[in-house]
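Colleague: After the structure tokens below, expect a handful of questions from me.
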Amino acid sequence: MKVSIIIPILNEINYLRQCLDSIINNTTIIDDTEILLIDGGSKDGTIEIINEYVSKYKNIKYYKNLRGITPAALNIGLLNSSGLYIVRLDAHAKYQNHYIDECVSELENADSSVLNVGGTIKTTPGGEKSVSKAIAYVLSSLIGVGNSFFRTSKLDSYKFVETVPFGCFRRSVIDIVGLFNEEEPRNEDLEYNKRIIKSGRKILCSNKISSEYYARQTVKGFLKQAFNNGFIVTNKSRGDNSFHNLRHFIPFLFVIYFILSLFLFVFFDNIASDLIAYSWIFYLLIVYFFSILSFVRKGGFLIHTTIFPVIVFLLHLFYGVGSVFGAFYYLSSKVGK
């Protein structure tokens, strides 16, 4: 096979069909492509969809992921793949016409030092409700995802970057970098791409490659994801192997400041009240500034003046609380030793 596509899956009944159809129907080299579906224990009817596609297409294969985590699924895919190029996709997304063709073309035309190629993401609402739209808007804004280049920027051509979503790798990456780290169950892409950079190789983000990622539909699902992402940032010390940027720690500092503000307000009201008030006013002004920018780009006045700021605050709060819990988990594990 020329291309092996690896897709980790867990309870994707609402998205798997359009993901697979966007690949199968819009890839010119599909006959020279295998698709490996790695399921981590779906309970929502996803397995029935997988079996349907496996029986219909001889180049689609199904594997069980007994550990149930994404890096384990990716390693199962890598070890069972045969393609010259390996594409890591997500079932919670759909891909532009000729996504796979463009990935392969970019790698074939790139210098041999480029091990991974990807593109930009358009974050799409997971539902039609205003809350779902607000969540997607926040995850497309600098106030929501910081300097995550592929989520917030448009490219005129290409750029060398630190990471890309849904990357296409040369098969030699396995010999150079190895398998995915199964001790990083949520940040496996960041960690893997950091190893590529440390090896002296490059990662390319191209304007010819793009995909749509579906944001969480509900506030509950969104906040659970935010908490878990924050927890991973601080739950262990990675030392020189750290792959997190400063932006990943800002919500942690935000929550620490929030806690200190309450403490100062209760015990040192005369000194702290004005400082706290001005700092929160400053924070709200920043949030509304980015809310206006998003409104100019996306439209939806009521969403951006009411729901958008609330979602931003909840994202910062729950991500930060997750980081605080992660820090306590790390410290308690050190004390336990």
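Labeling convention for the structure tokens: chains A, B, ... as they appear, residues from 1 per chain, ligands from 1 in order of appearance.
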Report the closest atom pair, with its distance in Å rounded to one decimal, for each residue of range 33-151 of chain A that has an atom no farther than 12 Å from range 226-231 of chain A; count only C-alpha atoms, sort by chain and then rising residue number, and write it as a Markdown table.
Modeller:
```
| residue | atom | partner | partner_atom | distance |
| --- | --- | --- | --- | --- |
| A:Ile135 | CA | A:Ala226 | CA | 11.5 |
| A:Leu139 | CA | A:Ala226 | CA | 11.1 |
| A:Gly144 | CA | A:Ala226 | CA | 10.7 |
| A:Val145 | CA | A:Ala226 | CA | 11.1 |
```
Colleague: Would you save the residues from that selection as a CSV table (one decimal), in the first residue's frame, using C-alpha atoms?
Modeller:
```
chain,number,residue,atom,x,y,z
A,135,ILE,CA,-18.1,26.7,21.9
A,139,LEU,CA,-12.1,27.2,20.1
A,144,GLY,CA,-9.7,30.2,23.7
A,145,VAL,CA,-6.7,28.4,22.2
```
Colleague: Which of range 6-41 of chain A counts as helix (DSSP H, G or I) under DSSP, as a ChimeraX atom specification please?
Modeller: /A:16-24,30-32
Colleague: Contacts of Glu48 in chain A at 12 Å or less, counting only C-alpha atoms, minus same-chain residues fewer than 6 places along, as a compact mmCIF listing (two decimals) with N, CA and C atoms, in the first residue's frame?
Modeller:
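Saved result, result_28.txt, follows:
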```
# COMPACT_ATOMS: atom_id res chain seq x y z
N ASN A 11 -16.85 5.64 20.49
CA ASN A 11 -18.21 6.21 20.53
C ASN A 11 -18.37 7.37 19.56
N GLU A 12 -18.22 7.08 18.29
CA GLU A 12 -18.30 8.11 17.25
C GLU A 12 -19.46 7.84 16.29
N ILE A 13 -20.58 7.37 16.81
CA ILE A 13 -21.71 7.02 15.96
C ILE A 13 -22.23 8.21 15.16
N LEU A 16 -18.69 9.10 12.48
CA LEU A 16 -17.82 8.17 11.76
C LEU A 16 -18.18 8.06 10.28
N ARG A 17 -19.45 8.01 9.95
CA ARG A 17 -19.84 7.85 8.54
C ARG A 17 -19.31 9.00 7.68
N ASP A 39 -10.77 0.62 17.41
CA ASP A 39 -11.83 1.00 18.35
C ASP A 39 -11.44 0.68 19.79
N SER A 42 -16.22 1.04 21.96
CA SER A 42 -17.43 1.82 21.74
C SER A 42 -18.67 1.07 22.20
N VAL A 54 -16.30 -2.34 6.91
CA VAL A 54 -15.32 -3.43 6.72
C VAL A 54 -15.85 -4.45 5.72
N SER A 55 -17.13 -4.76 5.79
CA SER A 55 -17.72 -5.74 4.87
C SER A 55 -17.87 -5.18 3.46
N TYR A 62 -10.38 -3.58 10.81
CA TYR A 62 -10.84 -3.23 12.15
C TYR A 62 -9.98 -3.94 13.19
```
Colleague: List the neighbours of range 202-210 of chain A out to 6 Å using only C-alpha atoms; skip same-chain residues closer than 3 positions along the sequence, and give me the result as a ChimeraX atom specification.
Modeller: /A:113-114,116-121,155,157-161,197
Colleague: Just write the chosen residues, all heavy atoms, as an mmCIF file, in the first residue's frame.
Modeller:
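What follows is the written file out13.cif:
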```
data_model
loop_
_atom_site.group_PDB
_atom_site.id
_atom_site.type_symbol
_atom_site.label_atom_id
_atom_site.label_comp_id
_atom_site.auth_asym_id
_atom_site.auth_seq_id
_atom_site.Cartn_x
_atom_site.Cartn_y
_atom_site.Cartn_z
ATOM 1 N N SER A 113 14.014 16.005 5.035
ATOM 2 C CA SER A 113 14.038 16.321 6.460
ATOM 3 C C SER A 113 12.634 16.533 7.021
ATOM 4 O O SER A 113 12.443 16.540 8.240
ATOM 5 C CB SER A 113 14.884 17.566 6.726
ATOM 6 O OG SER A 113 14.318 18.704 6.094
ATOM 7 N N VAL A 114 11.643 16.719 6.146
ATOM 8 C CA VAL A 114 10.259 16.893 6.587
ATOM 9 C C VAL A 114 9.654 15.513 6.830
ATOM 10 O O VAL A 114 9.493 14.717 5.898
ATOM 11 C CB VAL A 114 9.425 17.666 5.540
ATOM 12 C CG1 VAL A 114 7.963 17.747 5.987
ATOM 13 C CG2 VAL A 114 9.998 19.057 5.325
ATOM 14 N N ASN A 116 6.668 15.113 8.757
ATOM 15 C CA ASN A 116 5.237 15.199 9.037
ATOM 16 C C ASN A 116 4.657 16.415 8.325
ATOM 17 O O ASN A 116 5.244 17.503 8.357
ATOM 18 C CB ASN A 116 5.007 15.301 10.549
ATOM 19 C CG ASN A 116 3.538 15.252 10.930
ATOM 20 O OD1 ASN A 116 2.682 14.919 10.123
ATOM 21 N ND2 ASN A 116 3.256 15.567 12.175
ATOM 22 N N VAL A 117 3.505 16.215 7.701
ATOM 23 C CA VAL A 117 2.816 17.296 6.993
ATOM 24 C C VAL A 117 1.368 17.339 7.455
ATOM 25 O O VAL A 117 0.732 16.305 7.654
ATOM 26 C CB VAL A 117 2.874 17.076 5.464
ATOM 27 C CG1 VAL A 117 1.879 17.970 4.755
ATOM 28 C CG2 VAL A 117 4.271 17.346 4.933
ATOM 29 N N GLY A 118 0.855 18.541 7.631
ATOM 30 C CA GLY A 118 -0.556 18.702 7.988
ATOM 31 C C GLY A 118 -1.064 20.043 7.521
ATOM 32 O O GLY A 118 -0.386 20.750 6.766
ATOM 33 N N GLY A 119 -2.255 20.404 7.977
ATOM 34 C CA GLY A 119 -2.849 21.659 7.543
ATOM 35 C C GLY A 119 -3.580 22.358 8.671
ATOM 36 O O GLY A 119 -3.314 22.119 9.850
ATOM 37 N N THR A 120 -4.499 23.219 8.306
ATOM 38 C CA THR A 120 -5.254 23.987 9.278
ATOM 39 C C THR A 120 -6.590 23.316 9.570
ATOM 40 O O THR A 120 -7.047 22.449 8.829
ATOM 41 C CB THR A 120 -5.505 25.413 8.775
ATOM 42 O OG1 THR A 120 -6.196 25.348 7.511
ATOM 43 C CG2 THR A 120 -4.196 26.156 8.586
ATOM 44 N N ILE A 121 -7.190 23.738 10.680
ATOM 45 C CA ILE A 121 -8.471 23.191 11.112
ATOM 46 C C ILE A 121 -9.518 24.302 11.158
ATOM 47 O O ILE A 121 -9.244 25.402 11.651
ATOM 48 C CB ILE A 121 -8.366 22.568 12.517
ATOM 49 C CG1 ILE A 121 -7.733 21.186 12.460
ATOM 50 C CG2 ILE A 121 -9.722 22.450 13.175
ATOM 51 C CD1 ILE A 121 -7.646 20.516 13.814
ATOM 52 N N LEU A 155 -3.170 30.397 5.994
ATOM 53 C CA LEU A 155 -1.866 30.332 5.345
ATOM 54 C C LEU A 155 -1.961 30.772 3.896
ATOM 55 O O LEU A 155 -2.943 30.475 3.200
ATOM 56 C CB LEU A 155 -1.332 28.895 5.383
ATOM 57 C CG LEU A 155 -0.766 28.383 6.700
ATOM 58 C CD1 LEU A 155 -0.453 26.897 6.579
ATOM 59 C CD2 LEU A 155 0.476 29.137 7.102
ATOM 60 N N SER A 157 0.770 29.978 1.918
ATOM 61 C CA SER A 157 1.495 28.882 1.261
ATOM 62 C C SER A 157 1.767 27.772 2.276
ATOM 63 O O SER A 157 0.937 26.903 2.483
ATOM 64 C CB SER A 157 2.803 29.390 0.637
ATOM 65 O OG SER A 157 3.597 30.050 1.600
ATOM 66 N N TYR A 158 2.922 27.809 2.917
ATOM 67 C CA TYR A 158 3.237 26.809 3.924
ATOM 68 C C TYR A 158 4.125 27.427 4.989
ATOM 69 O O TYR A 158 4.683 28.513 4.811
ATOM 70 C CB TYR A 158 3.920 25.588 3.309
ATOM 71 C CG TYR A 158 5.287 25.867 2.727
ATOM 72 C CD1 TYR A 158 6.424 25.805 3.525
ATOM 73 C CD2 TYR A 158 5.450 26.189 1.378
ATOM 74 C CE1 TYR A 158 7.684 26.068 3.009
ATOM 75 C CE2 TYR A 158 6.707 26.453 0.856
ATOM 76 C CZ TYR A 158 7.815 26.393 1.674
ATOM 77 O OH TYR A 158 9.057 26.657 1.174
ATOM 78 N N LYS A 159 4.254 26.708 6.105
ATOM 79 C CA LYS A 159 5.055 27.194 7.222
ATOM 80 C C LYS A 159 5.574 26.014 8.006
ATOM 81 O O LYS A 159 4.858 25.026 8.201
ATOM 82 C CB LYS A 159 4.200 28.097 8.123
ATOM 83 C CG LYS A 159 4.938 28.699 9.308
ATOM 84 C CD LYS A 159 4.018 29.604 10.117
ATOM 85 C CE LYS A 159 4.767 30.229 11.293
ATOM 86 N NZ LYS A 159 3.911 31.156 12.063
ATOM 87 N N PHE A 160 6.821 26.094 8.467
ATOM 88 C CA PHE A 160 7.355 25.082 9.360
ATOM 89 C C PHE A 160 6.878 25.381 10.773
ATOM 90 O O PHE A 160 6.992 26.510 11.249
ATOM 91 C CB PHE A 160 8.880 25.031 9.292
ATOM 92 C CG PHE A 160 9.402 24.539 7.967
ATOM 93 C CD1 PHE A 160 10.054 25.396 7.096
ATOM 94 C CD2 PHE A 160 9.211 23.222 7.588
ATOM 95 C CE1 PHE A 160 10.518 24.947 5.869
ATOM 96 C CE2 PHE A 160 9.675 22.757 6.360
ATOM 97 C CZ PHE A 160 10.335 23.623 5.504
ATOM 98 N N VAL A 161 6.348 24.367 11.449
ATOM 99 C CA VAL A 161 5.687 24.566 12.738
ATOM 100 C C VAL A 161 6.128 23.501 13.744
ATOM 101 O O VAL A 161 6.883 22.585 13.406
ATOM 102 C CB VAL A 161 4.144 24.505 12.569
ATOM 103 C CG1 VAL A 161 3.659 25.690 11.738
ATOM 104 C CG2 VAL A 161 3.719 23.192 11.927
ATOM 105 N N ILE A 197 10.907 17.147 16.158
ATOM 106 C CA ILE A 197 11.711 18.368 16.144
ATOM 107 C C ILE A 197 13.068 18.132 16.813
ATOM 108 O O ILE A 197 14.109 18.561 16.305
ATOM 109 C CB ILE A 197 10.960 19.511 16.853
ATOM 110 C CG1 ILE A 197 9.650 19.843 16.128
ATOM 111 C CG2 ILE A 197 11.846 20.747 16.956
ATOM 112 C CD1 ILE A 197 9.815 20.353 14.732
#
```
Colleague: Hey, which of A:Asp21, A:Glu52, A:Glu162, A:Asp111 ends up closest to His98 in chain A? Count only C-alpha atoms.
Modeller: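 Among A:Asp21, A:Glu52, A:Glu162, A:Asp111, it is A:Asp21 that comes nearest to His98 in chain A.
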Colleague: Please build the interface table for range 195-258 of chain A against range 173-180 of chain A with a cut-off of 10 Å, listing for each qualifying residue the nearest atom pair and the distance in Å to one decimal; count only C-alpha atoms, order rows by chain and increasing number, and write it as a tab-separated table.
Modeller:
```
residue	atom	partner	partner_atom	distance
A:Arg195	CA	A:Val177	CA	6.4
A:Ile196	CA	A:Val177	CA	6.4
A:Ile197	CA	A:Val177	CA	9.8
A:Lys198	CA	A:Val177	CA	9.4
A:Ser199	CA	A:Val177	CA	7.4
A:Arg201	CA	A:Ile176	CA	9.5
```
Colleague: Can you work out which one of A:Tyr85, A:Phe289, A:Phe222, A:Phe249 has the shortest atom-to-atom distance to Cys168 in chain A, counting only C-alpha atoms?
Modeller: A:Tyr85
Colleague: Find the residues near Ser22 in chain A: any atom within 7 Å, counting only C-alpha atoms, skip ones fewer than 4 places away on the same chain, and give them as a PyMOL selection string.
Modeller: chain A and resi 18+26+94-95
Colleague: Next, dump the selected residues to file, keeping only N, CA and C atoms, as a CSV table (one decimal), in the first residue's frame.
Modeller:
```
chain,number,residue,atom,x,y,z
A,18,GLN,N,-19.5,10.2,8.1
A,18,GLN,CA,-19.1,11.4,7.3
A,18,GLN,C,-17.6,11.5,7.2
A,26,ASN,N,-13.3,11.0,-1.8
A,26,ASN,CA,-12.6,12.2,-2.3
A,26,ASN,C,-11.1,11.9,-2.3
A,94,LYS,N,-14.2,15.8,9.6
A,94,LYS,CA,-14.2,15.4,8.2
A,94,LYS,C,-13.2,16.2,7.4
A,95,TYR,N,-12.9,15.7,6.2
A,95,TYR,CA,-11.7,16.2,5.5
A,95,TYR,C,-12.0,16.7,4.1
```
Colleague: Please identify all polymer residues within 10 Å of range 331-334 of chain A, counting only C-alpha atoms, omitting same-chain residues fewer than 6 positions from it, and present them as a PyMOL selection string.
Modeller: chain A and resi 234-237+325
Colleague: Could you check the closest approach to Glu108 in chain A for each of A:Pro165, A:Leu190, A:Lys2, A:Ser130 and tell me which residue wins, using only C-alpha atoms?
Modeller: A:Lys2
Colleague: Tell me, as a PyMOL selection string, which residues lie within 8 Å of Lys298 in chain A, counting only C-alpha atoms; anything in the same chain fewer than 3 positions away does not count.
Modeller: chain A and resi 137+294-295
Colleague: Could you give me the residues within range 52-229 of chain A that DSSP places in strand (DSSP E), as number ranges by chain?
Modeller: A: 60-64, 85-88, 93-95, 114-124, 158-160, 168-170, 202-214
Colleague: In Å, rounded to a single decimal, give me how far CA of Glu191 in chain A is from CA of Asn241 in chain A.
Modeller: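 Between CA of Asn241 in chain A and CA of Glu191 in chain A the gap is 8.3 Å.
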Colleague: For Ser279 in chain A, which residue out of A:Ile250, A:Lys58, A:Lys154, A:Ser261 is the nearest one, using only C-alpha atoms?
Modeller: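 Between A:Ile250, A:Lys58, A:Lys154, A:Ser261, the residue approaching Ser279 in chain A most closely is A:Ser261.
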